[in-house]
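Here is the file work_4.cif (mmCIF, N, CA, C and O atoms).
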data_protein
#
loop_
_atom_site.label_atom_id
_atom_site.label_comp_id
_atom_site.auth_asym_id
_atom_site.auth_seq_id
_atom_site.Cartn_x
_atom_site.Cartn_y
_atom_site.Cartn_z
N MET I 1059 156.14 141.87 72.41
CA MET I 1059 154.73 141.83 72.40
C MET I 1059 154.20 141.52 71.01
O MET I 1059 153.16 140.93 70.88
N ALA I 1060 154.96 141.99 70.04
CA ALA I 1060 154.56 141.76 68.67
C ALA I 1060 154.60 140.28 68.36
O ALA I 1060 153.75 139.76 67.66
N SER I 1061 155.61 139.58 68.90
CA SER I 1061 155.68 138.15 68.66
C SER I 1061 154.58 137.42 69.39
O SER I 1061 154.04 136.43 68.92
N SER I 1062 154.20 137.91 70.56
CA SER I 1062 153.11 137.32 71.32
C SER I 1062 151.80 137.53 70.60
O SER I 1062 150.95 136.65 70.56
N SER I 1063 151.61 138.69 70.02
CA SER I 1063 150.41 138.99 69.25
C SER I 1063 150.36 138.14 68.00
O SER I 1063 149.30 137.65 67.60
N GLY I 1064 151.50 137.94 67.34
CA GLY I 1064 151.57 137.07 66.16
C GLY I 1064 151.29 135.63 66.51
O GLY I 1064 150.67 134.89 65.75
N GLN I 1065 151.79 135.24 67.70
CA GLN I 1065 151.57 133.88 68.18
C GLN I 1065 150.07 133.66 68.43
O GLN I 1065 149.54 132.59 68.12
N ASN I 1066 149.41 134.65 69.02
CA ASN I 1066 147.97 134.55 69.27
C ASN I 1066 147.19 134.45 67.96
O ASN I 1066 146.20 133.74 67.87
N GLY I 1067 147.65 135.22 66.98
CA GLY I 1067 146.97 135.19 65.66
C GLY I 1067 147.08 133.81 65.02
O GLY I 1067 146.12 133.30 64.43
N ILE I 1068 148.26 133.20 65.14
CA ILE I 1068 148.47 131.85 64.59
C ILE I 1068 147.60 130.85 65.33
O ILE I 1068 146.97 129.98 64.73
N GLN I 1069 147.54 131.00 66.67
CA GLN I 1069 146.70 130.11 67.48
C GLN I 1069 145.23 130.25 67.09
O GLN I 1069 144.51 129.25 67.00
N LEU I 1070 144.81 131.49 66.85
CA LEU I 1070 143.42 131.73 66.43
C LEU I 1070 143.16 131.09 65.07
O LEU I 1070 142.10 130.49 64.86
N LEU I 1071 144.10 131.22 64.18
CA LEU I 1071 143.94 130.61 62.85
C LEU I 1071 143.88 129.09 62.94
O LEU I 1071 143.06 128.45 62.28
N LEU I 1072 144.75 128.52 63.76
CA LEU I 1072 144.73 127.06 63.93
C LEU I 1072 143.42 126.60 64.55
O LEU I 1072 142.84 125.59 64.13
N ALA I 1073 142.93 127.34 65.53
CA ALA I 1073 141.66 126.99 66.18
C ALA I 1073 140.51 127.11 65.18
O ALA I 1073 139.61 126.26 65.12
N ALA I 1074 140.53 128.16 64.38
CA ALA I 1074 139.48 128.36 63.37
C ALA I 1074 139.54 127.24 62.32
O ALA I 1074 138.50 126.74 61.87
N GLU I 1075 140.75 126.85 61.94
CA GLU I 1075 140.90 125.77 60.96
C GLU I 1075 140.37 124.45 61.53
O GLU I 1075 139.69 123.69 60.83
N GLN I 1076 140.68 124.18 62.80
CA GLN I 1076 140.19 122.94 63.43
C GLN I 1076 138.66 122.96 63.53
O GLN I 1076 137.99 121.97 63.28
N GLU I 1077 138.11 124.12 63.88
CA GLU I 1077 136.66 124.24 63.97
C GLU I 1077 136.02 124.04 62.60
O GLU I 1077 135.00 123.34 62.47
N ALA I 1078 136.62 124.60 61.57
CA ALA I 1078 136.11 124.42 60.21
C ALA I 1078 136.19 122.95 59.80
O ALA I 1078 135.27 122.42 59.16
N GLN I 1079 137.27 122.28 60.19
CA GLN I 1079 137.43 120.86 59.88
C GLN I 1079 136.34 120.03 60.57
O GLN I 1079 135.78 119.12 59.97
N HIS I 1080 136.04 120.39 61.83
CA HIS I 1080 134.97 119.69 62.55
C HIS I 1080 133.62 119.91 61.87
O HIS I 1080 132.82 118.97 61.76
N ILE I 1081 133.37 121.12 61.42
CA ILE I 1081 132.11 121.44 60.73
C ILE I 1081 132.00 120.64 59.42
O ILE I 1081 130.96 120.05 59.11
N VAL I 1082 133.10 120.59 58.67
CA VAL I 1082 133.12 119.84 57.41
C VAL I 1082 132.90 118.35 57.68
O VAL I 1082 132.12 117.69 56.98
N ASN I 1083 133.57 117.81 58.70
CA ASN I 1083 133.40 116.40 59.04
C ASN I 1083 131.97 116.10 59.46
O ASN I 1083 131.40 115.06 59.09
N ALA I 1084 131.38 116.99 60.26
CA ALA I 1084 129.99 116.80 60.70
C ALA I 1084 129.04 116.83 59.50
O ALA I 1084 128.11 116.02 59.41
N ALA I 1085 129.29 117.75 58.59
CA ALA I 1085 128.46 117.84 57.39
C ALA I 1085 128.61 116.58 56.53
O ALA I 1085 127.62 116.05 56.00
N ARG I 1086 129.84 116.10 56.38
CA ARG I 1086 130.09 114.89 55.60
C ARG I 1086 129.37 113.69 56.23
O ARG I 1086 128.75 112.89 55.55
N THR I 1087 129.47 113.58 57.56
CA THR I 1087 128.81 112.49 58.27
C THR I 1087 127.29 112.57 58.11
O THR I 1087 126.62 111.56 57.86
N ALA I 1088 126.75 113.78 58.23
CA ALA I 1088 125.30 113.97 58.07
C ALA I 1088 124.87 113.61 56.64
O ALA I 1088 123.81 112.99 56.44
N LYS I 1089 125.69 113.99 55.66
CA LYS I 1089 125.37 113.68 54.27
C LYS I 1089 125.37 112.17 54.04
O LYS I 1089 124.47 111.63 53.39
N GLN I 1090 126.37 111.48 54.57
CA GLN I 1090 126.44 110.03 54.43
C GLN I 1090 125.25 109.35 55.10
O GLN I 1090 124.66 108.41 54.57
N ALA I 1091 124.87 109.85 56.28
CA ALA I 1091 123.72 109.29 56.99
C ALA I 1091 122.45 109.50 56.17
O ALA I 1091 121.60 108.60 56.05
N ARG I 1092 122.28 110.68 55.59
CA ARG I 1092 121.09 110.98 54.78
C ARG I 1092 121.07 110.12 53.52
O ARG I 1092 120.00 109.62 53.12
N LEU I 1093 122.23 109.92 52.88
CA LEU I 1093 122.29 109.07 51.69
C LEU I 1093 121.92 107.63 52.03
O LEU I 1093 121.19 106.97 51.29
N LYS I 1094 122.41 107.15 53.18
CA LYS I 1094 122.08 105.80 53.62
C LYS I 1094 120.58 105.68 53.88
O LYS I 1094 119.95 104.70 53.49
N GLN I 1095 120.01 106.68 54.54
CA GLN I 1095 118.58 106.68 54.83
C GLN I 1095 117.77 106.71 53.53
O GLN I 1095 116.79 105.98 53.38
N ALA I 1096 118.19 107.54 52.57
CA ALA I 1096 117.49 107.63 51.29
C ALA I 1096 117.56 106.30 50.54
O ALA I 1096 116.58 105.86 49.93
N LYS I 1097 118.72 105.64 50.60
CA LYS I 1097 118.87 104.35 49.94
C LYS I 1097 117.95 103.32 50.57
O LYS I 1097 117.29 102.55 49.86
N GLU I 1098 117.87 103.30 51.91
CA GLU I 1098 117.00 102.35 52.60
C GLU I 1098 115.53 102.61 52.25
O GLU I 1098 114.77 101.68 52.03
N GLU I 1099 115.14 103.90 52.20
CA GLU I 1099 113.77 104.25 51.84
C GLU I 1099 113.46 103.82 50.40
O GLU I 1099 112.38 103.30 50.12
N ALA I 1100 114.41 104.03 49.50
CA ALA I 1100 114.22 103.65 48.11
C ALA I 1100 114.09 102.13 47.99
O ALA I 1100 113.23 101.62 47.25
N GLU I 1101 114.92 101.39 48.70
CA GLU I 1101 114.84 99.93 48.66
C GLU I 1101 113.50 99.44 49.21
O GLU I 1101 112.91 98.50 48.67
N LYS I 1102 113.02 100.10 50.26
CA LYS I 1102 111.72 99.74 50.83
C LYS I 1102 110.60 100.01 49.81
O LYS I 1102 109.71 99.18 49.61
N ASP I 1103 110.66 101.18 49.16
CA ASP I 1103 109.66 101.52 48.14
C ASP I 1103 109.70 100.53 46.98
O ASP I 1103 108.66 100.11 46.48
N ILE I 1104 110.90 100.17 46.57
CA ILE I 1104 111.05 99.20 45.48
C ILE I 1104 110.47 97.86 45.87
O ILE I 1104 109.76 97.21 45.09
N ALA I 1105 110.73 97.42 47.09
CA ALA I 1105 110.21 96.13 47.56
C ALA I 1105 108.67 96.16 47.60
O ALA I 1105 108.02 95.19 47.20
N GLU I 1106 108.09 97.27 48.08
CA GLU I 1106 106.64 97.39 48.11
C GLU I 1106 106.06 97.37 46.70
O GLU I 1106 105.05 96.70 46.44
N PHE I 1107 106.69 98.11 45.78
CA PHE I 1107 106.22 98.16 44.40
C PHE I 1107 106.32 96.78 43.76
O PHE I 1107 105.40 96.33 43.07
N ARG I 1108 107.44 96.10 43.99
CA ARG I 1108 107.64 94.77 43.43
C ARG I 1108 106.57 93.80 43.96
O ARG I 1108 106.00 93.01 43.21
N ALA I 1109 106.29 93.87 45.26
CA ALA I 1109 105.27 93.01 45.85
C ALA I 1109 103.89 93.31 45.26
O ALA I 1109 103.11 92.39 44.96
N GLN I 1110 103.60 94.58 45.07
CA GLN I 1110 102.32 94.98 44.48
C GLN I 1110 102.21 94.46 43.04
O GLN I 1110 101.17 93.91 42.66
N MET I 1111 103.26 94.62 42.25
CA MET I 1111 103.24 94.15 40.86
C MET I 1111 103.13 92.62 40.81
O MET I 1111 102.42 92.07 39.98
N GLU I 1112 103.81 91.94 41.71
CA GLU I 1112 103.76 90.48 41.75
C GLU I 1112 102.35 90.01 42.10
O GLU I 1112 101.84 89.07 41.49
N ALA I 1113 101.72 90.69 43.07
CA ALA I 1113 100.35 90.32 43.45
C ALA I 1113 99.40 90.54 42.29
O ALA I 1113 98.53 89.69 42.02
N GLU I 1114 99.56 91.65 41.58
CA GLU I 1114 98.70 91.93 40.42
C GLU I 1114 98.93 90.89 39.32
O GLU I 1114 97.99 90.40 38.70
N PHE I 1115 100.18 90.53 39.10
CA PHE I 1115 100.51 89.52 38.10
C PHE I 1115 99.88 88.18 38.47
O PHE I 1115 99.28 87.51 37.62
N GLN I 1116 100.01 87.78 39.74
CA GLN I 1116 99.43 86.51 40.18
C GLN I 1116 97.91 86.52 40.04
O GLN I 1116 97.31 85.51 39.67
N ARG I 1117 97.29 87.67 40.32
CA ARG I 1117 95.84 87.79 40.18
C ARG I 1117 95.44 87.62 38.72
O ARG I 1117 94.49 86.89 38.40
N LYS I 1118 96.18 88.25 37.81
CA LYS I 1118 95.86 88.14 36.39
C LYS I 1118 96.10 86.72 35.89
O LYS I 1118 95.33 86.21 35.07
N VAL I 1119 97.15 86.09 36.37
CA VAL I 1119 97.41 84.69 35.98
C VAL I 1119 96.26 83.80 36.45
O VAL I 1119 95.79 82.94 35.71
N ALA I 1120 95.81 84.03 37.68
CA ALA I 1120 94.71 83.23 38.23
C ALA I 1120 93.43 83.46 37.42
O ALA I 1120 92.70 82.51 37.11
N GLU I 1121 93.17 84.72 37.05
CA GLU I 1121 91.98 85.02 36.26
C GLU I 1121 92.05 84.37 34.89
O GLU I 1121 91.09 83.76 34.43
N SER I 1122 93.19 84.50 34.24
CA SER I 1122 93.30 83.96 32.88
C SER I 1122 93.31 82.45 32.87
O SER I 1122 92.76 81.82 31.98
N SER I 1123 93.93 81.83 33.87
CA SER I 1123 93.94 80.37 33.90
C SER I 1123 92.55 79.84 34.21
O SER I 1123 92.13 78.81 33.68
N GLY I 1124 91.81 80.53 35.05
CA GLY I 1124 90.44 80.13 35.33
C GLY I 1124 89.58 80.28 34.09
O GLY I 1124 88.77 79.41 33.77
N ASP I 1125 89.76 81.36 33.37
CA ASP I 1125 89.01 81.58 32.14
C ASP I 1125 89.38 80.56 31.08
O ASP I 1125 88.51 80.08 30.36
N SER I 1126 90.66 80.24 30.98
CA SER I 1126 91.07 79.31 29.93
C SER I 1126 90.48 77.93 30.20
O SER I 1126 90.10 77.23 29.28
N GLY I 1127 90.38 77.54 31.46
CA GLY I 1127 89.76 76.26 31.78
C GLY I 1127 88.30 76.25 31.37
O GLY I 1127 87.80 75.27 30.80
N ALA I 1128 87.60 77.33 31.64
CA ALA I 1128 86.19 77.44 31.25
C ALA I 1128 86.08 77.47 29.73
O ALA I 1128 85.17 76.86 29.15
N ASN I 1129 86.98 78.19 29.07
CA ASN I 1129 86.95 78.27 27.61
C ASN I 1129 87.21 76.90 26.98
O ASN I 1129 86.55 76.53 26.00
N VAL I 1130 88.16 76.18 27.52
CA VAL I 1130 88.47 74.85 26.99
C VAL I 1130 87.26 73.95 27.14
O VAL I 1130 86.88 73.23 26.20
N LYS I 1131 86.62 74.00 28.28
CA LYS I 1131 85.44 73.15 28.52
C LYS I 1131 84.32 73.53 27.56
O LYS I 1131 83.67 72.67 26.97
N ARG I 1132 84.10 74.83 27.37
CA ARG I 1132 83.05 75.29 26.45
C ARG I 1132 83.35 74.85 25.02
O ARG I 1132 82.47 74.36 24.31
N LEU I 1133 84.62 75.01 24.61
CA LEU I 1133 85.01 74.60 23.26
C LEU I 1133 84.86 73.10 23.06
O LEU I 1133 84.42 72.65 21.99
N GLU I 1134 85.19 72.32 24.07
CA GLU I 1134 85.02 70.87 23.96
C GLU I 1134 83.55 70.51 23.80
O GLU I 1134 83.19 69.65 22.98
N GLN I 1135 82.68 71.18 24.55
CA GLN I 1135 81.24 70.91 24.44
C GLN I 1135 80.72 71.29 23.06
O GLN I 1135 79.95 70.54 22.46
N GLU I 1136 81.15 72.46 22.56
CA GLU I 1136 80.72 72.89 21.23
C GLU I 1136 81.21 71.91 20.16
O GLU I 1136 80.47 71.55 19.24
N THR I 1137 82.46 71.46 20.29
CA THR I 1137 83.02 70.52 19.32
C THR I 1137 82.27 69.20 19.35
O THR I 1137 81.94 68.64 18.30
N ASP I 1138 82.00 68.70 20.55
CA ASP I 1138 81.25 67.45 20.67
C ASP I 1138 79.86 67.58 20.05
O ASP I 1138 79.38 66.67 19.37
N ALA I 1139 79.21 68.71 20.28
CA ALA I 1139 77.88 68.93 19.71
C ALA I 1139 77.94 68.95 18.18
O ALA I 1139 77.09 68.36 17.50
N LYS I 1140 78.95 69.61 17.62
CA LYS I 1140 79.09 69.66 16.16
C LYS I 1140 79.39 68.28 15.59
O LYS I 1140 78.88 67.91 14.53
N ILE I 1141 80.22 67.52 16.28
CA ILE I 1141 80.53 66.16 15.83
C ILE I 1141 79.27 65.31 15.83
O ILE I 1141 78.99 64.58 14.85
N GLN I 1142 78.48 65.41 16.88
CA GLN I 1142 77.23 64.64 16.95
C GLN I 1142 76.27 65.06 15.84
O GLN I 1142 75.62 64.22 15.22
N HIS I 1143 76.20 66.35 15.57
CA HIS I 1143 75.34 66.85 14.48
C HIS I 1143 75.80 66.30 13.14
O HIS I 1143 74.97 65.84 12.33
N LEU I 1144 77.11 66.31 12.89
CA LEU I 1144 77.63 65.78 11.62
C LEU I 1144 77.37 64.28 11.50
O LEU I 1144 77.01 63.78 10.41
N LYS I 1145 77.52 63.54 12.58
CA LYS I 1145 77.26 62.10 12.55
C LYS I 1145 75.80 61.82 12.26
O LYS I 1145 75.47 60.93 11.46
N SER I 1146 74.92 62.57 12.91
CA SER I 1146 73.49 62.34 12.67
C SER I 1146 73.10 62.71 11.25
O SER I 1146 72.32 61.99 10.60
N GLU I 1147 73.66 63.78 10.72
CA GLU I 1147 73.38 64.17 9.33
C GLU I 1147 73.92 63.11 8.36
O GLU I 1147 73.27 62.76 7.38
N ALA I 1148 75.13 62.61 8.65
CA ALA I 1148 75.73 61.60 7.79
C ALA I 1148 74.89 60.32 7.81
O ALA I 1148 74.64 59.71 6.74
N SER I 1149 74.45 59.90 8.96
CA SER I 1149 73.64 58.68 9.02
C SER I 1149 72.27 58.90 8.38
O SER I 1149 71.70 57.98 7.78
N ARG I 1150 71.74 60.12 8.46
CA ARG I 1150 70.44 60.41 7.88
C ARG I 1150 70.48 60.36 6.35
O ARG I 1150 69.58 59.83 5.71
N ILE I 1151 71.55 60.88 5.75
CA ILE I 1151 71.59 60.93 4.29
C ILE I 1151 72.49 59.87 3.67
O ILE I 1151 72.61 59.79 2.44
N SER I 1152 73.10 59.03 4.46
CA SER I 1152 74.04 58.04 3.89
C SER I 1152 73.32 57.07 2.95
O SER I 1152 73.88 56.70 1.91
N GLN I 1153 72.11 56.67 3.28
CA GLN I 1153 71.38 55.75 2.41
C GLN I 1153 71.09 56.41 1.06
O GLN I 1153 71.24 55.78 0.02
N ASP I 1154 70.72 57.69 1.06
CA ASP I 1154 70.47 58.41 -0.19
C ASP I 1154 71.74 58.54 -1.02
O ASP I 1154 71.72 58.39 -2.25
N VAL I 1155 72.85 58.79 -0.37
CA VAL I 1155 74.12 58.94 -1.08
C VAL I 1155 74.53 57.61 -1.70
O VAL I 1155 74.98 57.54 -2.86
N VAL I 1156 74.37 56.53 -0.95
CA VAL I 1156 74.71 55.21 -1.48
C VAL I 1156 73.84 54.89 -2.70
O VAL I 1156 74.34 54.41 -3.73
N GLN I 1157 72.55 55.17 -2.63
CA GLN I 1157 71.65 54.91 -3.75
C GLN I 1157 72.05 55.75 -4.97
O GLN I 1157 72.07 55.24 -6.10
N MET I 1158 72.39 57.00 -4.75
CA MET I 1158 72.78 57.87 -5.85
C MET I 1158 74.07 57.36 -6.50
O MET I 1158 74.18 57.31 -7.74
N LEU I 1159 75.03 56.95 -5.70
CA LEU I 1159 76.29 56.44 -6.24
C LEU I 1159 76.06 55.15 -7.03
O LEU I 1159 76.62 54.96 -8.13
N LEU I 1160 75.25 54.27 -6.49
CA LEU I 1160 74.96 53.02 -7.21
C LEU I 1160 74.26 53.30 -8.53
O LEU I 1160 74.55 52.66 -9.55
N ARG I 1161 73.34 54.24 -8.54
CA ARG I 1161 72.63 54.58 -9.76
C ARG I 1161 73.59 55.12 -10.81
O ARG I 1161 73.53 54.74 -11.99
N HIS I 1162 74.54 55.98 -10.40
CA HIS I 1162 75.48 56.55 -11.36
C HIS I 1162 76.51 55.53 -11.83
O HIS I 1162 76.94 55.57 -12.99
N VAL I 1163 76.88 54.65 -10.96
CA VAL I 1163 77.89 53.65 -11.33
C VAL I 1163 77.28 52.60 -12.25
O VAL I 1163 77.93 52.14 -13.19
N THR I 1164 76.05 52.25 -11.99
CA THR I 1164 75.45 51.17 -12.78
C THR I 1164 74.77 51.65 -14.06
O THR I 1164 74.43 50.85 -14.92
N THR I 1165 74.61 52.95 -14.22
CA THR I 1165 74.00 53.47 -15.43
C THR I 1165 75.09 53.57 -16.50
O THR I 1165 76.14 54.16 -16.30
N VAL I 1166 74.77 52.98 -17.66
CA VAL I 1166 75.72 52.98 -18.76
C VAL I 1166 75.27 54.01 -19.78
O VAL I 1166 74.13 54.03 -20.21
N LYS I 1167 76.21 54.85 -20.16
CA LYS I 1167 75.89 55.87 -21.17
C LYS I 1167 76.75 55.62 -22.39
O LYS I 1167 77.88 55.22 -22.30
N ASN I 1168 76.14 55.87 -23.54
CA ASN I 1168 76.86 55.64 -24.79
C ASN I 1168 77.62 56.85 -25.19
O ASN I 1168 77.45 57.91 -25.27
#
Take the structure in this file and express it as structure tokens.
Amino acid sequence: MASSSGQNGIQLLLAAEQEAQHIVNAARTAKQARLKQAKEEAEKDIAEFRAQMEAEFQRKVAESSGDSGANVKRLEQETDAKIQHLKSEASRISQDVVQMLLRHVTTVKN
């Protein structure tokens, strides 16, 4: 009977070990599934963030390129106006400058 009781104890230990192994395997599988799910969620969040940043970047590029076109046009207009002003001033006083130069060149000093 003692051997039968010992045999039962061994069987109980083997059964308990197998049950523990099943519990460990189930926990390992659940952990792997949760890690996979967390990775997928993180990738989704990263993709959303990347899309948001890209949209903001494109918006800023569109704003700055639109502004630069307007700035270039404004600067061209200002430059043309200044050039016209300088030309008109030069033509207005060119006769006086020519007369002054001729007077200084033709005047002889001892």
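You will find atom CA of Ser1063 of chain I at 22.3 Å from atom CA of Ala1078 of chain I.
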What does the distance from atom CA of Arg1092 of chain I to atom CA of Ile1104 of chain I come to in Å, to one decimal?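 That distance, rounded to one decimal, is 18.1 Å.
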Segment 1073-1079 of chain I: axis-aligned bounding box, 5 Å on each side, centre and edge lengths in Å, one decimal, as lines of an AutoDock Vina configuration file:
center_x = 139.0
center_y = 123.7
center_z = 62.7
size_x = 17.9
size_y = 19.2
size_z = 17.0
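Atom pair atom CA of Arg1117 of chain I / atom CA of Asn1129 of chain I has a distance of 18.1 Å (rounded to one decimal).
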Could you add the missing atoms to segment 1134-1144 of chain I, up to all heavy atoms, and return them as an mmCIF file, in the frame of the given file?
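Output file out23.cif follows:
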data_model
loop_
_atom_site.group_PDB
_atom_site.id
_atom_site.type_symbol
_atom_site.label_atom_id
_atom_site.label_comp_id
_atom_site.auth_asym_id
_atom_site.auth_seq_id
_atom_site.Cartn_x
_atom_site.Cartn_y
_atom_site.Cartn_z
ATOM 1 N N GLU I 1134 85.190 72.320 24.070
ATOM 2 C CA GLU I 1134 85.020 70.870 23.960
ATOM 3 C C GLU I 1134 83.550 70.510 23.800
ATOM 4 O O GLU I 1134 83.190 69.650 22.980
ATOM 5 C CB GLU I 1134 85.600 70.169 25.196
ATOM 6 C CG GLU I 1134 87.105 70.125 25.221
ATOM 7 C CD GLU I 1134 87.661 69.514 26.503
ATOM 8 O OE1 GLU I 1134 86.872 69.264 27.450
ATOM 9 O OE2 GLU I 1134 88.875 69.295 26.544
ATOM 10 N N GLN I 1135 82.680 71.180 24.550
ATOM 11 C CA GLN I 1135 81.240 70.910 24.440
ATOM 12 C C GLN I 1135 80.720 71.290 23.060
ATOM 13 O O GLN I 1135 79.950 70.540 22.460
ATOM 14 C CB GLN I 1135 80.473 71.679 25.524
ATOM 15 C CG GLN I 1135 80.706 71.149 26.916
ATOM 16 C CD GLN I 1135 80.090 72.030 27.993
ATOM 17 O OE1 GLN I 1135 79.695 73.160 27.719
ATOM 18 N NE2 GLN I 1135 80.029 71.508 29.214
ATOM 19 N N GLU I 1136 81.150 72.460 22.560
ATOM 20 C CA GLU I 1136 80.720 72.890 21.230
ATOM 21 C C GLU I 1136 81.210 71.910 20.160
ATOM 22 O O GLU I 1136 80.470 71.550 19.240
ATOM 23 C CB GLU I 1136 81.229 74.295 20.918
ATOM 24 C CG GLU I 1136 80.540 75.388 21.698
ATOM 25 C CD GLU I 1136 81.131 76.758 21.436
ATOM 26 O OE1 GLU I 1136 82.018 76.882 20.543
ATOM 27 O OE2 GLU I 1136 80.713 77.707 22.118
ATOM 28 N N THR I 1137 82.460 71.460 20.290
ATOM 29 C CA THR I 1137 83.020 70.520 19.320
ATOM 30 C C THR I 1137 82.270 69.200 19.350
ATOM 31 O O THR I 1137 81.940 68.640 18.300
ATOM 32 C CB THR I 1137 84.523 70.295 19.612
ATOM 33 O OG1 THR I 1137 85.198 71.548 19.583
ATOM 34 C CG2 THR I 1137 85.152 69.362 18.601
ATOM 35 N N ASP I 1138 82.000 68.700 20.550
ATOM 36 C CA ASP I 1138 81.250 67.450 20.670
ATOM 37 C C ASP I 1138 79.860 67.580 20.050
ATOM 38 O O ASP I 1138 79.380 66.670 19.370
ATOM 39 C CB ASP I 1138 81.139 67.019 22.135
ATOM 40 C CG ASP I 1138 82.463 66.554 22.709
ATOM 41 O OD1 ASP I 1138 83.376 66.237 21.907
ATOM 42 O OD2 ASP I 1138 82.594 66.509 23.946
ATOM 43 N N ALA I 1139 79.210 68.710 20.280
ATOM 44 C CA ALA I 1139 77.880 68.930 19.710
ATOM 45 C C ALA I 1139 77.940 68.950 18.180
ATOM 46 O O ALA I 1139 77.090 68.360 17.500
ATOM 47 C CB ALA I 1139 77.291 70.242 20.237
ATOM 48 N N LYS I 1140 78.950 69.610 17.620
ATOM 49 C CA LYS I 1140 79.090 69.660 16.160
ATOM 50 C C LYS I 1140 79.390 68.280 15.590
ATOM 51 O O LYS I 1140 78.880 67.910 14.530
ATOM 52 C CB LYS I 1140 80.180 70.663 15.763
ATOM 53 C CG LYS I 1140 79.752 72.099 15.963
ATOM 54 C CD LYS I 1140 80.847 73.073 15.568
ATOM 55 C CE LYS I 1140 80.389 74.507 15.830
ATOM 56 N NZ LYS I 1140 81.399 75.477 15.455
ATOM 57 N N ILE I 1141 80.220 67.520 16.280
ATOM 58 C CA ILE I 1141 80.530 66.160 15.830
ATOM 59 C C ILE I 1141 79.270 65.310 15.830
ATOM 60 O O ILE I 1141 78.990 64.580 14.850
ATOM 61 C CB ILE I 1141 81.642 65.531 16.700
ATOM 62 C CG1 ILE I 1141 82.978 66.204 16.421
ATOM 63 C CG2 ILE I 1141 81.722 64.022 16.473
ATOM 64 C CD1 ILE I 1141 84.090 65.806 17.373
ATOM 65 N N GLN I 1142 78.480 65.410 16.880
ATOM 66 C CA GLN I 1142 77.230 64.640 16.950
ATOM 67 C C GLN I 1142 76.270 65.060 15.840
ATOM 68 O O GLN I 1142 75.620 64.220 15.220
ATOM 69 C CB GLN I 1142 76.564 64.809 18.325
ATOM 70 C CG GLN I 1142 77.280 64.125 19.454
ATOM 71 C CD GLN I 1142 77.470 62.632 19.189
ATOM 72 O OE1 GLN I 1142 76.586 61.946 18.682
ATOM 73 N NE2 GLN I 1142 78.652 62.129 19.502
ATOM 74 N N HIS I 1143 76.200 66.350 15.570
ATOM 75 C CA HIS I 1143 75.340 66.850 14.480
ATOM 76 C C HIS I 1143 75.800 66.300 13.140
ATOM 77 O O HIS I 1143 74.970 65.840 12.330
ATOM 78 C CB HIS I 1143 75.358 68.385 14.469
ATOM 79 C CG HIS I 1143 74.592 68.983 13.351
ATOM 80 N ND1 HIS I 1143 73.214 68.950 13.281
ATOM 81 C CD2 HIS I 1143 75.001 69.628 12.227
ATOM 82 C CE1 HIS I 1143 72.820 69.538 12.175
ATOM 83 N NE2 HIS I 1143 73.892 69.960 11.509
ATOM 84 N N LEU I 1144 77.110 66.310 12.890
ATOM 85 C CA LEU I 1144 77.630 65.780 11.620
ATOM 86 C C LEU I 1144 77.370 64.280 11.500
ATOM 87 O O LEU I 1144 77.010 63.780 10.410
ATOM 88 C CB LEU I 1144 79.129 66.062 11.494
ATOM 89 C CG LEU I 1144 79.504 67.521 11.227
ATOM 90 C CD1 LEU I 1144 81.024 67.685 11.301
ATOM 91 C CD2 LEU I 1144 78.989 67.985 9.883
#
